[in-house]
Structure formats: structure tokens, C-alpha cells
$ cat work-v6.txt   # compact mmCIF, C-alpha atoms
# COMPACT_ATOMS: atom_id res chain seq x y z
CA MET A 1 35.58 8.69 10.35
CA THR A 2 32.27 9.29 12.06
CA PRO A 3 31.32 12.98 11.71
CA LEU A 4 31.58 15.06 14.86
CA PRO A 5 28.26 16.17 16.34
CA GLN A 6 27.29 19.73 15.50
CA ILE A 7 27.19 22.35 18.22
CA GLY A 8 24.06 21.80 20.25
CA ASP A 9 23.58 18.26 18.93
CA ALA A 10 26.15 16.56 21.13
CA PRO A 11 25.02 13.54 23.16
CA GLU A 12 24.36 13.96 26.88
CA SER A 13 27.73 12.41 27.74
CA THR A 14 29.55 15.19 25.86
CA PRO A 15 30.25 18.35 27.92
CA GLN A 16 28.25 21.26 26.53
CA SER A 17 30.47 24.00 27.97
CA ASN A 18 33.58 23.68 25.83
CA PRO A 19 36.18 26.31 26.77
CA VAL A 20 36.35 29.13 24.23
CA LEU A 21 39.82 29.63 22.74
CA ASP A 22 39.31 32.83 20.82
CA VAL A 23 36.14 34.84 20.45
CA ASP A 24 35.47 38.03 18.54
CA ILE A 25 32.00 39.19 19.53
CA PRO A 26 30.58 42.22 17.71
CA ASP A 27 29.07 45.08 19.68
CA ASP A 28 25.78 44.39 17.93
CA PRO A 29 25.16 40.61 17.89
CA HIS A 30 22.37 40.83 15.31
CA PRO A 31 23.02 38.23 12.56
CA SER A 32 23.18 40.85 9.83
CA ARG A 33 26.17 42.40 11.60
CA ALA A 34 27.68 39.14 12.81
CA CYS A 35 28.97 38.39 9.33
CA TRP A 36 32.36 39.75 10.35
CA SER A 37 32.55 37.57 13.45
CA TRP A 38 34.20 34.25 13.93
CA TYR A 39 34.44 31.97 16.89
CA ARG A 40 36.79 29.15 17.77
CA TYR A 41 35.96 26.46 20.25
CA LEU A 42 38.05 23.71 21.74
CA ALA A 43 36.08 20.49 21.40
CA ARG A 44 36.91 17.02 22.65
CA ARG A 45 35.83 13.57 21.59
CA GLY A 46 37.43 10.83 23.61
CA ASP A 47 41.11 11.61 24.01
CA GLU A 48 41.25 13.78 20.88
CA GLU A 49 41.03 17.57 20.81
CA TYR A 50 39.68 19.55 17.87
CA ILE A 51 39.17 23.19 16.95
CA ILE A 52 35.69 24.15 15.73
CA LYS A 53 35.85 27.25 13.55
CA ASP A 54 32.38 28.80 13.49
CA HIS A 55 32.24 31.73 11.06
CA TRP A 56 30.47 33.58 8.25
CA VAL A 57 31.91 33.57 4.75
CA LEU A 58 31.12 36.03 1.97
CA GLY A 59 29.29 34.44 -0.93
CA SER A 60 26.96 31.59 -1.80
CA LYS A 61 26.97 28.07 -0.38
CA VAL A 62 29.55 27.11 -2.99
CA ASP A 63 31.79 30.11 -2.21
CA ALA A 64 31.52 29.40 1.51
CA LEU A 65 33.30 26.07 1.06
CA ASN A 66 36.40 27.56 -0.59
CA GLU A 67 38.46 26.92 2.55
CA VAL A 68 37.40 23.28 2.51
CA LYS A 69 38.56 22.97 -1.08
CA MET A 70 41.91 24.63 -0.32
CA LEU A 71 42.59 22.53 2.79
CA GLN A 72 41.88 19.40 0.80
CA ALA A 73 44.33 20.56 -1.87
CA MET A 74 46.98 21.25 0.82
CA LYS A 75 46.37 17.98 2.64
CA ASP A 76 49.46 16.43 4.30
CA VAL A 77 51.54 19.61 3.91
CA ARG A 78 53.27 20.22 7.23
CA GLY A 79 52.02 23.40 8.88
CA VAL A 80 48.59 23.40 7.23
CA PRO A 81 45.55 22.64 9.45
CA GLN A 82 44.06 19.18 9.02
CA LEU A 83 40.40 19.27 7.99
CA ILE A 84 38.41 16.70 9.97
CA ASP A 85 34.81 17.66 9.18
CA HIS A 86 32.69 20.57 7.93
CA TRP A 87 29.07 21.58 7.47
CA LEU A 88 26.86 24.50 6.48
CA VAL A 89 24.86 25.59 9.51
CA GLU A 90 21.12 25.15 9.00
CA ILE A 91 18.41 27.04 10.87
CA LYS A 92 16.06 24.22 9.98
CA PRO A 93 16.42 21.07 7.88
CA GLY A 94 17.40 22.01 4.34
CA LYS A 95 17.64 25.79 5.02
CA VAL A 96 21.19 27.13 5.28
CA ASP A 97 21.83 30.08 7.62
CA GLN A 98 22.67 33.18 5.54
CA THR A 99 22.67 36.88 6.38
CA GLY A 100 20.22 37.56 3.56
CA LEU A 101 17.52 35.89 5.66
CA TYR A 102 17.76 38.68 8.24
CA HIS A 103 17.49 41.66 5.90
CA TYR A 104 14.14 43.44 5.82
CA LYS A 105 14.46 43.68 2.04
CA LEU A 106 17.17 42.32 -0.24
CA LEU A 107 18.09 45.46 -2.16
CA ASN A 108 20.18 45.58 -5.34
CA SER A 109 23.16 47.06 -3.51
CA LEU A 110 23.26 43.99 -1.24
CA GLN A 111 23.71 41.56 -4.10
CA GLY A 112 26.94 39.66 -3.62
CA ALA A 113 27.17 40.82 0.00
CA VAL A 114 25.33 37.88 1.57
CA ARG A 115 27.35 35.68 3.90
CA THR A 116 26.93 32.01 4.69
CA HIS A 117 27.31 30.36 8.09
CA VAL A 118 29.96 27.60 8.05
CA CYS A 119 31.57 25.34 10.65
CA LEU A 120 34.89 23.55 10.21
CA VAL A 121 36.46 20.97 12.51
CA LEU A 122 40.24 21.24 12.42
CA LYS A 123 43.40 19.96 14.04
CA PRO A 124 45.69 20.92 15.65
CA HIS A 125 45.46 23.53 18.44
CA THR A 126 48.01 26.26 17.71
CA ARG A 127 49.24 29.45 19.35
CA PRO A 128 49.84 32.84 17.66
CA LEU A 129 53.27 33.56 16.22
CA TYR A 130 53.80 36.38 18.74
CA MET A 131 53.49 33.77 21.53
CA PHE A 132 56.93 32.40 20.61
CA GLN A 133 59.20 31.29 23.45
CA THR A 134 62.65 32.07 22.02
CA LYS A 135 63.99 34.09 19.10
CA ALA A 136 65.09 30.85 17.47
CA GLU A 137 61.52 29.58 17.63
CA LEU A 138 60.25 32.86 16.15
CA LEU A 139 62.64 32.76 13.18
CA GLY A 140 62.11 29.02 12.72
CA ALA A 141 58.33 29.49 12.60
CA ILE A 142 58.67 32.35 10.09
CA ARG A 143 60.87 30.12 7.96
CA ASP A 144 58.25 27.34 8.11
CA ILE A 145 55.50 29.75 7.07
CA ILE A 146 57.50 30.85 4.04
CA SER A 147 58.10 27.17 3.19
CA ILE A 148 54.31 26.62 3.31
CA GLN A 149 53.79 29.54 0.93
CA LYS A 150 56.51 28.16 -1.36
CA THR A 151 54.88 24.71 -1.45
CA ALA A 152 51.46 26.25 -2.03
CA VAL A 153 52.69 28.28 -5.01
CA GLU A 154 55.13 25.87 -6.64
CA GLU A 155 53.39 22.54 -6.05
CA LYS A 156 49.69 23.36 -5.52
CA GLY A 157 49.28 26.60 -7.49
CA ILE A 158 47.72 28.44 -4.53
CA LEU A 159 48.25 31.98 -3.16
CA HIS A 160 47.89 32.63 0.58
CA ASN A 161 48.54 36.00 2.23
CA CYS A 162 50.27 36.36 5.59
CA SER A 163 49.31 38.55 8.56
CA LEU A 164 49.85 38.70 12.30
CA ASN A 165 46.58 36.86 12.91
CA ASN A 166 46.96 33.88 10.58
CA SER A 167 50.59 33.08 11.42
CA MET A 168 50.75 30.43 14.12
CA ILE A 169 53.03 28.02 15.96
CA GLU A 170 52.15 24.37 16.51
CA ASP A 171 53.63 22.17 19.23
CA ASP A 172 53.40 18.56 18.08
CA GLY A 173 55.28 16.88 20.93
CA ASN A 174 58.43 16.76 18.84
CA GLY A 175 59.33 20.42 18.85
CA SER A 176 57.45 23.33 17.32
CA HIS A 177 56.94 24.59 13.78
CA GLY A 178 55.16 27.43 12.01
CA THR A 179 51.66 27.04 10.64
CA LEU A 180 49.45 29.10 8.34
CA ILE A 181 45.70 29.14 9.05
CA ASP A 182 42.56 30.78 7.60
CA TRP A 183 42.49 29.51 4.03
CA GLU A 184 39.02 30.85 3.12
CA PHE A 185 40.39 33.70 0.96
CA THR A 186 43.12 31.73 -0.78
CA VAL A 187 42.91 31.32 -4.54
CA PHE A 188 44.26 29.05 -7.21
CA ILE A 189 46.75 30.94 -9.38
CA ALA A 190 44.91 32.13 -12.47
CA GLN A 191 46.20 33.14 -15.87
CA GLY A 192 46.91 36.86 -15.69
CA GLN A 193 46.98 36.61 -11.86
CA LYS A 194 43.96 38.89 -11.44
CA TYR A 195 41.58 38.27 -8.55
CA ALA A 196 38.85 39.86 -6.46
CA ARG A 197 40.16 41.98 -3.59
CA GLY A 198 38.94 39.60 -0.85
CA GLY A 199 42.21 37.71 -0.48
CA THR A 200 44.63 40.63 -0.45
CA GLY A 201 45.17 40.48 3.30
CA THR A 202 45.19 42.94 6.22
CA MET A 203 46.26 46.51 5.47
CA PRO A 204 49.32 46.86 7.77
CA PHE A 205 50.82 43.74 6.19
CA MET A 206 49.87 44.31 2.55
CA SER A 207 52.54 44.76 -0.09
CA ARG A 208 53.06 48.12 -1.75
CA SER A 209 51.74 46.80 -5.05
CA LEU A 210 48.45 45.63 -3.54
CA LEU A 211 48.01 48.86 -1.58
CA PHE A 212 48.53 50.96 -4.71
CA GLN A 213 45.99 48.96 -6.70
CA LEU A 214 43.43 49.05 -3.89
CA SER A 215 43.89 52.80 -3.44
CA GLU A 216 43.15 53.24 -7.14
CA ALA A 217 40.19 50.86 -7.01
CA VAL A 218 38.38 52.48 -4.10
CA ASP A 219 39.39 56.14 -4.53
CA SER A 220 41.74 55.95 -1.56
CA ILE A 221 38.94 55.16 0.88
CA ALA A 222 39.58 52.19 3.15
CA THR A 223 36.35 51.46 4.97
CA PRO A 224 36.85 50.19 8.56
CA GLU A 225 35.51 46.70 9.07
CA ARG A 226 32.80 47.68 11.52
CA SER A 227 31.64 50.92 9.97
CA LEU A 228 27.94 51.03 9.13
CA LYS A 229 26.88 50.97 5.49
CA HIS A 230 23.49 52.02 4.14
CA ALA A 231 21.82 49.76 1.60
CA SER A 232 20.01 51.21 -1.38
CA ASN A 233 18.26 50.01 -4.51
CA SER A 234 21.10 51.18 -6.75
CA HIS A 235 22.79 48.53 -8.84
CA VAL A 236 26.08 47.01 -7.78
CA VAL A 237 29.22 48.33 -9.46
CA PRO A 238 31.45 45.39 -10.49
CA ALA A 239 34.55 45.16 -8.32
CA ARG A 240 37.88 45.89 -9.96
CA LEU A 241 40.20 42.91 -10.18
CA ILE A 242 43.56 43.07 -8.42
CA ILE A 243 46.87 41.69 -9.71
CA HIS A 244 48.16 39.50 -6.90
CA ARG A 245 51.49 37.63 -7.13
CA PHE A 246 53.41 35.40 -4.76
CA GLU A 247 55.93 38.16 -4.01
CA ASP A 248 53.11 40.19 -2.44
CA ASP A 249 52.55 37.44 0.14
CA LEU A 250 56.30 37.10 0.70
CA GLU A 251 56.60 40.83 1.37
CA SER A 252 53.80 40.50 3.93
CA VAL A 253 55.91 38.10 6.01
CA PHE A 254 58.59 40.80 6.30
CA TYR A 255 56.05 43.25 7.74
CA VAL A 256 54.85 40.64 10.25
CA PHE A 257 58.45 40.10 11.41
CA ILE A 258 59.09 43.85 11.83
CA TRP A 259 55.74 44.31 13.58
CA ILE A 260 56.62 41.74 16.25
CA CYS A 261 60.11 43.17 16.85
CA ILE A 262 58.69 46.67 17.41
CA GLY A 263 55.29 45.96 18.94
CA TYR A 264 56.28 43.32 21.50
CA ARG A 265 58.65 43.29 24.46
CA GLY A 266 59.79 39.70 24.08
CA PRO A 267 58.38 36.17 24.17
CA LEU A 268 54.90 34.97 25.19
CA GLY A 269 53.03 37.83 23.54
CA VAL A 270 53.92 40.64 25.97
CA LYS A 271 52.84 43.80 24.14
CA ARG A 272 54.85 46.96 24.21
CA VAL A 273 53.31 50.35 25.05
CA LEU A 274 54.29 52.66 22.19
CA ASP A 275 54.24 56.42 22.70
CA LYS A 276 51.90 57.77 20.03
CA ARG A 277 53.92 60.97 19.78
CA TYR A 278 56.76 59.04 18.15
CA ASN A 279 56.76 57.98 14.48
CA TRP A 280 56.67 54.22 14.96
CA LEU A 281 56.67 52.18 11.76
CA VAL A 282 53.77 50.04 12.99
CA HIS A 283 51.66 53.16 13.46
CA LYS A 284 52.50 54.44 9.98
CA TRP A 285 51.51 51.09 8.49
CA SER A 286 48.17 51.28 10.30
CA ALA A 287 46.99 54.25 8.25
CA VAL A 288 43.27 54.78 7.70
CA THR A 289 43.38 54.65 3.89
CA PHE A 290 45.08 52.37 1.39
CA LYS A 291 46.72 55.39 -0.23
CA ALA A 292 48.18 56.69 3.03
CA CYS A 293 49.54 53.26 3.92
CA ASN A 294 51.02 52.82 0.44
CA ASP A 295 52.68 56.25 0.62
CA LYS A 296 54.31 55.39 3.95
CA LYS A 297 55.63 52.04 2.73
CA THR A 298 56.82 53.45 -0.59
CA THR A 299 58.79 56.15 1.23
CA PHE A 300 60.10 53.54 3.65
CA PHE A 301 61.73 51.64 0.77
CA TYR A 302 62.57 54.56 -1.54
CA HIS A 303 64.77 56.26 1.05
CA SER A 304 66.96 54.06 3.22
CA HIS A 305 65.36 53.53 6.63
CA THR A 306 67.61 50.84 8.08
CA HIS A 307 68.33 53.09 11.07
CA LYS A 308 64.68 52.70 12.09
CA PHE A 309 65.30 49.09 13.09
CA GLU A 310 68.08 50.04 15.50
CA GLU A 311 65.98 52.87 16.90
CA GLN A 312 62.63 51.10 17.20
CA PHE A 313 63.29 47.42 17.88
CA HIS A 314 62.75 46.47 21.50
CA PRO A 315 66.07 45.68 23.24
CA TYR A 316 65.13 42.00 23.39
CA PHE A 317 65.20 41.90 19.57
CA LYS A 318 68.39 43.95 19.05
CA ASN A 319 70.40 40.96 17.80
CA LEU A 320 67.80 40.52 15.03
CA VAL A 321 68.53 43.97 13.57
CA PRO A 322 71.15 42.56 11.11
CA LEU A 323 68.52 40.14 9.75
CA ALA A 324 65.99 42.97 9.38
CA VAL A 325 68.54 45.12 7.53
CA GLU A 326 69.52 42.35 5.09
CA TRP A 327 65.91 41.39 4.45
CA TYR A 328 65.00 45.05 3.91
CA GLU A 329 67.86 45.58 1.45
CA LEU A 330 66.92 42.38 -0.39
CA ILE A 331 63.42 43.75 -1.01
CA ARG A 332 64.61 47.29 -1.70
CA ASN A 333 67.17 46.31 -4.32
CA LYS A 334 64.72 44.19 -6.31
CA GLY A 335 62.47 45.64 -8.96
CA PRO A 336 59.04 44.57 -10.27
CA SER A 337 60.70 42.50 -13.01
CA ASN A 338 63.14 40.86 -10.60
CA ALA A 339 61.10 39.89 -7.55
CA VAL A 340 62.49 38.42 -4.34
CA THR A 341 62.21 34.62 -4.39
CA PHE A 342 61.19 32.25 -1.63
CA GLN A 343 64.60 30.60 -1.65
CA GLU A 344 66.46 33.88 -1.18
CA VAL A 345 64.52 34.62 2.01
CA LEU A 346 64.80 31.02 3.25
CA ASP A 347 68.57 31.12 2.78
CA LEU A 348 68.73 34.43 4.64
CA LEU A 349 66.76 33.02 7.58
CA ASP A 350 68.90 29.87 7.64
CA LYS A 351 72.04 32.00 7.85
CA HIS A 352 70.81 34.03 10.82
CA LEU A 353 69.30 31.03 12.58
CA ALA A 354 72.71 29.35 12.51
CA GLU A 355 74.33 32.47 14.01
CA LEU A 356 71.70 33.02 16.70
CA PRO A 357 73.03 32.39 20.24
CA LYS A 358 71.23 29.82 22.37
CA GLU A 359 68.44 31.18 24.54
CA LEU A 360 66.58 29.56 27.41
CA SER A 361 62.80 29.46 27.18
CA PRO A 362 60.73 31.36 29.78
CA GLU A 363 59.54 28.04 31.24
CA LEU A 364 63.08 26.80 31.79
CA LEU A 365 64.18 30.11 33.30
CA PHE A 366 61.21 30.02 35.65
CA ALA A 367 61.89 26.39 36.60
CA ARG A 368 65.51 27.18 37.39
CA LYS A 369 64.44 30.06 39.58
CA ILE A 370 62.09 27.77 41.49
CA LEU A 371 64.75 25.08 41.87
CA LYS A 372 67.23 27.67 43.11
CA GLY A 373 64.96 28.41 46.05
CA LEU A 374 64.66 24.77 47.15
CA PRO A 375 66.95 23.45 49.92
CA LEU A 376 69.24 20.54 49.13
CA PRO A 377 67.99 17.17 50.41
CA ASP A 378 69.61 15.59 53.47
CA ILE A 379 72.35 13.24 52.35
CA PRO A 380 72.40 9.91 54.23
CA VAL A 381 75.64 9.29 56.16
CA PRO A 382 77.52 6.26 54.80
CA ASP A 383 78.45 3.38 57.10
CA ALA A 384 81.70 4.16 58.92
CA ASP A 385 84.75 2.04 58.28
CA PRO A 386 85.84 -0.20 61.18
CA GLY A 387 87.89 1.72 63.66
CA VAL A 388 86.50 5.11 62.63
CA ASN A 389 84.50 7.07 65.15
CA ALA A 390 80.94 7.09 63.77
CA GLU A 391 80.14 10.28 65.66
CA LYS A 392 82.60 12.16 63.49
CA MET A 393 80.65 11.04 60.44
CA LYS A 394 77.37 12.44 61.73
CA ARG A 395 77.51 15.78 60.10
CA LYS A 396 75.77 17.52 57.23
CA LEU A 397 77.89 17.27 54.17
CA SER A 398 78.86 20.55 52.52
CA ASP A 399 77.96 21.36 48.95
CA SER A 400 81.43 20.41 47.81
CA ASP A 401 80.98 16.93 49.27
CA VAL A 402 77.72 16.28 47.40
CA ASP A 403 77.59 14.75 43.95
CA PRO A 404 75.17 16.71 41.77
CA PRO A 405 71.77 14.98 41.65
CA GLU A 406 70.40 13.54 38.47
CA PRO A 407 68.74 16.10 36.15
CA ILE A 408 65.10 16.68 36.91
CA THR A 409 62.75 16.03 34.01
CA SER A 410 59.27 17.49 33.71
CA CYS A 411 56.63 17.36 30.99
CA ASP A 412 55.13 20.58 29.71
CA THR A 413 51.58 19.53 28.87
CA THR A 414 50.52 23.04 27.94
CA TYR A 415 52.76 23.25 24.89
CA GLY A 416 52.58 19.82 23.36
CA GLY A 417 54.34 17.75 26.02
CA ARG A 418 57.88 18.83 25.26
CA ILE A 419 60.46 17.52 27.72
CA TRP A 420 62.70 19.98 29.53
CA THR A 421 65.83 18.90 31.42
CA MET A 422 66.55 21.15 34.37
CA GLU A 423 69.63 21.03 36.56
CA PRO A 424 69.20 22.40 40.10
CA ILE A 425 71.58 25.19 41.03
CA PRO A 426 73.76 24.34 44.09
CA GLN A 427 72.64 26.11 47.25
CA PRO A 428 74.95 27.93 49.67
CA LYS A 429 75.93 26.05 52.82
CA ARG A 430 73.46 26.55 55.66
CA ASN A 431 73.57 25.61 59.32
CA ARG A 432 70.69 23.46 60.50
CA THR A 433 68.94 24.85 63.55
CA THR A 434 67.01 22.68 66.02

$ encode --input "work-v6.txt" --output "C-alpha cells"
Amino acid sequence: MTPLPQIGDAPESTPQSNPVLDVDIPDDPHPSRACWSWYRYLARRGDEEYIIKDHWVLGSKVDALNEVKMLQAMKDVRGVPQLIDHWLVEIKPGKVDQTGLYHYKLLNSLQGAVRTHVCLVLKPHTRPLYMFQTKAELLGAIRDIISIQKTAVEEKGILHNCSLNNSMIEDDGNGSHGTLIDWEFTVFIAQGQKYARGGTGTMPFMSRSLLFQLSEAVDSIATPERSLKHASNSHVVPARLIIHRFEDDLESVFYVFIWICIGYRGPLGVKRVLDKRYNWLVHKWSAVTFKACNDKKTTFFYHSHTHKFEEQFHPYFKNLVPLAVEWYELIRNKGPSNAVTFQEVLDLLDKHLAELPKELSPELLFARKILKGLPLPDIPVPDADPGVNAEKMKRKLSDSDVDPPEPITSCDTTYGGRIWTMEPIPQPKRNRTT
């Protein structure tokens, strides 16, 4: 396949103002601070749409291509982004863009902290997990994400953490399914299962084991992402390796599920305003330090807290409380030597998916409301039988006389072209005025 043109190098026939899908712009756009930023653009070539992921990755040019290596290893696994093209961004021919180029002086303490500018071209366009349309879609997507993790571990030997921001839903025109993005910090499973801390995930969704190890490794200080650090000429202290197992990533999915049920009011990503005076679980899991977060989660599992789900879940999610309780007890009753397995959680989700009542999507509910407000069409009067006064037939038929019209079909192009069948609701009888 012919490589896609790089940003800024597109031919004149290609629109230069591609709509931005998701942008995280730092307060200080200087390149030395932009290493935490990433951008995603929607790009088109012909009739095809692509996502350009423009970001900075910690490490050398070789380290920067870890995501490329992982996506190639996970090729053809359903729910994993398809890698179309990639390149290291160059500020001039042969010179790769790295944050070290913008430092006044490369001090010893900055060794290993240089980031490299990378662009990936991916398919498909996805939406965040919290933008689900029904509870069945939410649970189905979570199940798919766990299946991706299971395939990655058992067939590819890869670990991938889960958080609210890398859990997605893809609409492929034949329904929707869960996807797992952002593979730059994934690792191949190593003997001893010890790794650098970069791929441990986001604090609110980290497992208790990872939080405990990180609290020990950094003296209970969790530095905020955008806090300023001062470089010095002191030598770098080697980072402590972290034991990271598949059950840590599986536990993270549980926290993502609970987070959505408490932090959102329902489908389509409508956030809930949580009173900070109340002890919400999501606030406890957002502690400032690794130690504080670990203490909260350890207490959460040591003493039974199943009542928290009933108290804190938004009313929309109340019928998911039994799933939360069973999943919680499954984790709580397992020990370090007897970890929860992928299949146990998949079976649990299958059970509750089968019991979940049917729910109309917001689009279908909205369409029905619109159709309810439309008047019925005039029904043509049939030819009168011989001998019957035609004047008596010239009347507007009542609703009971009208056969229901054929279902109306519309194509939802926003979410992958899924077809919805909508039946208009009969209108009350009205008198025509002239």
C-alpha cells in the first residue's frame, strides 16, 4: 500500500484542515513540555478514513516503535487497531524530532527521559467506552476487551493494562464491539514477570498489587503528570522493576466498570456531578499518592463493601448491581496464589448479559419521539362499489380503519451505518379544519 503523506506534505488536492477528533494541548506548548501530549486527527484518502496518532514516546528511536511492534504482533485480532503506516517525525532530513534537542543542556538526570516524536496511521475510528448506547453494549464491549487481553496473554504473550481512556467501542457496520487502544506501553511477558513501571496503567484503575509496589518504589510519592521537575547533574538512580501479571490488568477492567456506573448518568457519556462531601469510591481511587490509593482499595476488599454499589450506582445502572457484587466477591475471595482467570470473568459477564432486559438505544427513542409528533398521511379513498353513494365514502378514515404503514428504515451514518427499524406510533383522531 502506498504510504500516506505525512502531515504538511499532503498534495494540494488533499484538504489541509482535517477535523481534530481528540486533542490534549498542554498549557505550555514548548516541545520540552509537549512530551506528555498526544493528538489524534481524522484523515481521509479517497473514500477511506484513518486516524493519525501524533505523539511523543519515552525512549530512543527503537523504544518509540514499541507500539508498532505490538500492533504487528496482534495483527488480525478483532478489537485491536489496524496499523496502516508509521514514521518518526523529522525536523529535517535524517534528524528525528526528540525532546533532547530542546534542552539547554543534557544533564545526567535527564538521561533516559528523552522522548521521540512518532506518528501512526490507524484504523478504525472508535468511540470511548463511556459513550455506550445501551447497557448491553457496555457489558458486551467490556467482555470483548477482556477477550482481547486473554488472546494477548495466552496466544501472543503480551500484557496490556486497561483504563477508562484506552477502552473503546468500534462500530463496524455489523454491530459494535469493544476495542483496546494505546499499545505503546505493552510488553512481552518476560521470565519473572518484572518490568519497568511505564506500563502499569493509570492510578485509579491500577490493581492493589501494582499500587503497593509503586508506593514502595517511589516512597509513596505519586508525581502529577504536569508537575514541573528540576534537572540536575546528579546521576540517574536505576528504576525499580515491578512485578506485573495478567490478573493486574483483569482487575483494572473491574475498576473501569465501577467507575462508569458511578461517574456517569447513563449512555452517551453524560457525566454525573458528584458531591465532593460524600465518600464516593471514584474519589477515593483518585488519591494523590500510590500509597493512599492502595490503602483505599485494600480496605475496600478487606471489609465487605458491596453496599456501596447499591448506594453509589446511578439509578440507570441499578440492574447492574448484582453483576458488580458477584465480580467483587470473585476478586475478594481469591488470593495471590489463586488469581481470578479470564474465563471466570467472561462466564460471569455472559450470564448477566443473557439476563439483561432489552433496552432501546437513545437514537431509537429519539426517532420514536419525532415520529409520534408527525400527523398520519391522508389515506386515498377507494373506488366505491356500484350502487354505493360515493359521497359517503369521502371521509377521513379513523386510526382503526388504517393498516399500519410499513416500518420506516433509516441509516445511522454517525455510528457505522447500523440500520434501525422504527415503527410510527398511531396518532389520535383529529378533525381536519379548512

$ atom_distance --input "work-v6.txt" --atom1 "CA of Leu250 in chain A" --atom2 "CA of Ser361 in chain A"
28.3 Å

$ residues_near_point --input "work-v6.txt" --point "(59.9, 42.1, 6.3)" --cutoff "10 Å" --atoms "all atoms listed in the file" --output "PyMOL selection string"
chain A and resi 205+250-259+323-331+345

$ closest_residue --input "work-v6.txt" --among "A:Asp63, A:Glu247, A:Glu137, A:Val121" --to "His86 in chain A" --atoms "only C-alpha atoms"
A:Val121

$ closest_residue --input "work-v6.txt" --among "A:Ala64, A:Ala152, A:Met168, A:Ile91" --to "Phe185 in chain A" --atoms "only C-alpha atoms"
A:Ala64

$ atom_distance --input "work-v6.txt" --atom1 "CA of Val80 in chain A" --atom2 "CA of Ile148 in chain A"
7.6 Å

$ residues_near_point --input "work-v6.txt" --point "(64.7, 28.9, 2.8)" --cutoff "12 Å" --atoms "only C-alpha atoms" --output "list in words"
Leu139, Gly140, Ala141, Ile142, Arg143, Asp144, Ile145, Ile146, Ser147, Ile148, Gln149, Lys150, Thr151, Leu250, Thr341, Phe342, Gln343, Glu344, Val345, Leu346, Asp347, Leu348, Leu349, Asp350, Lys351, His352 and Leu353 of chain A

$ atom_distance --input "work-v6.txt" --atom1 "CA of Gly269 in chain A" --atom2 "CA of Phe301 in chain A"
28.0 Å

$ closest_residue --input "work-v6.txt" --among "A:His303, A:His125, A:Arg272, A:Lys61" --to "Val96 in chain A" --atoms "all atoms listed in the file"
A:Lys61

$ closest_residue --input "work-v6.txt" --among "A:His283, A:Lys297, A:Lys156, A:Lys276" --to "Leu210 in chain A" --atoms "only C-alpha atoms"
A:Lys297

$ closest_residue --input "work-v6.txt" --among "A:Val77, A:Leu58, A:Glu359, A:Val187" --to "Tyr316 in chain A" --atoms "only C-alpha atoms"
A:Glu359
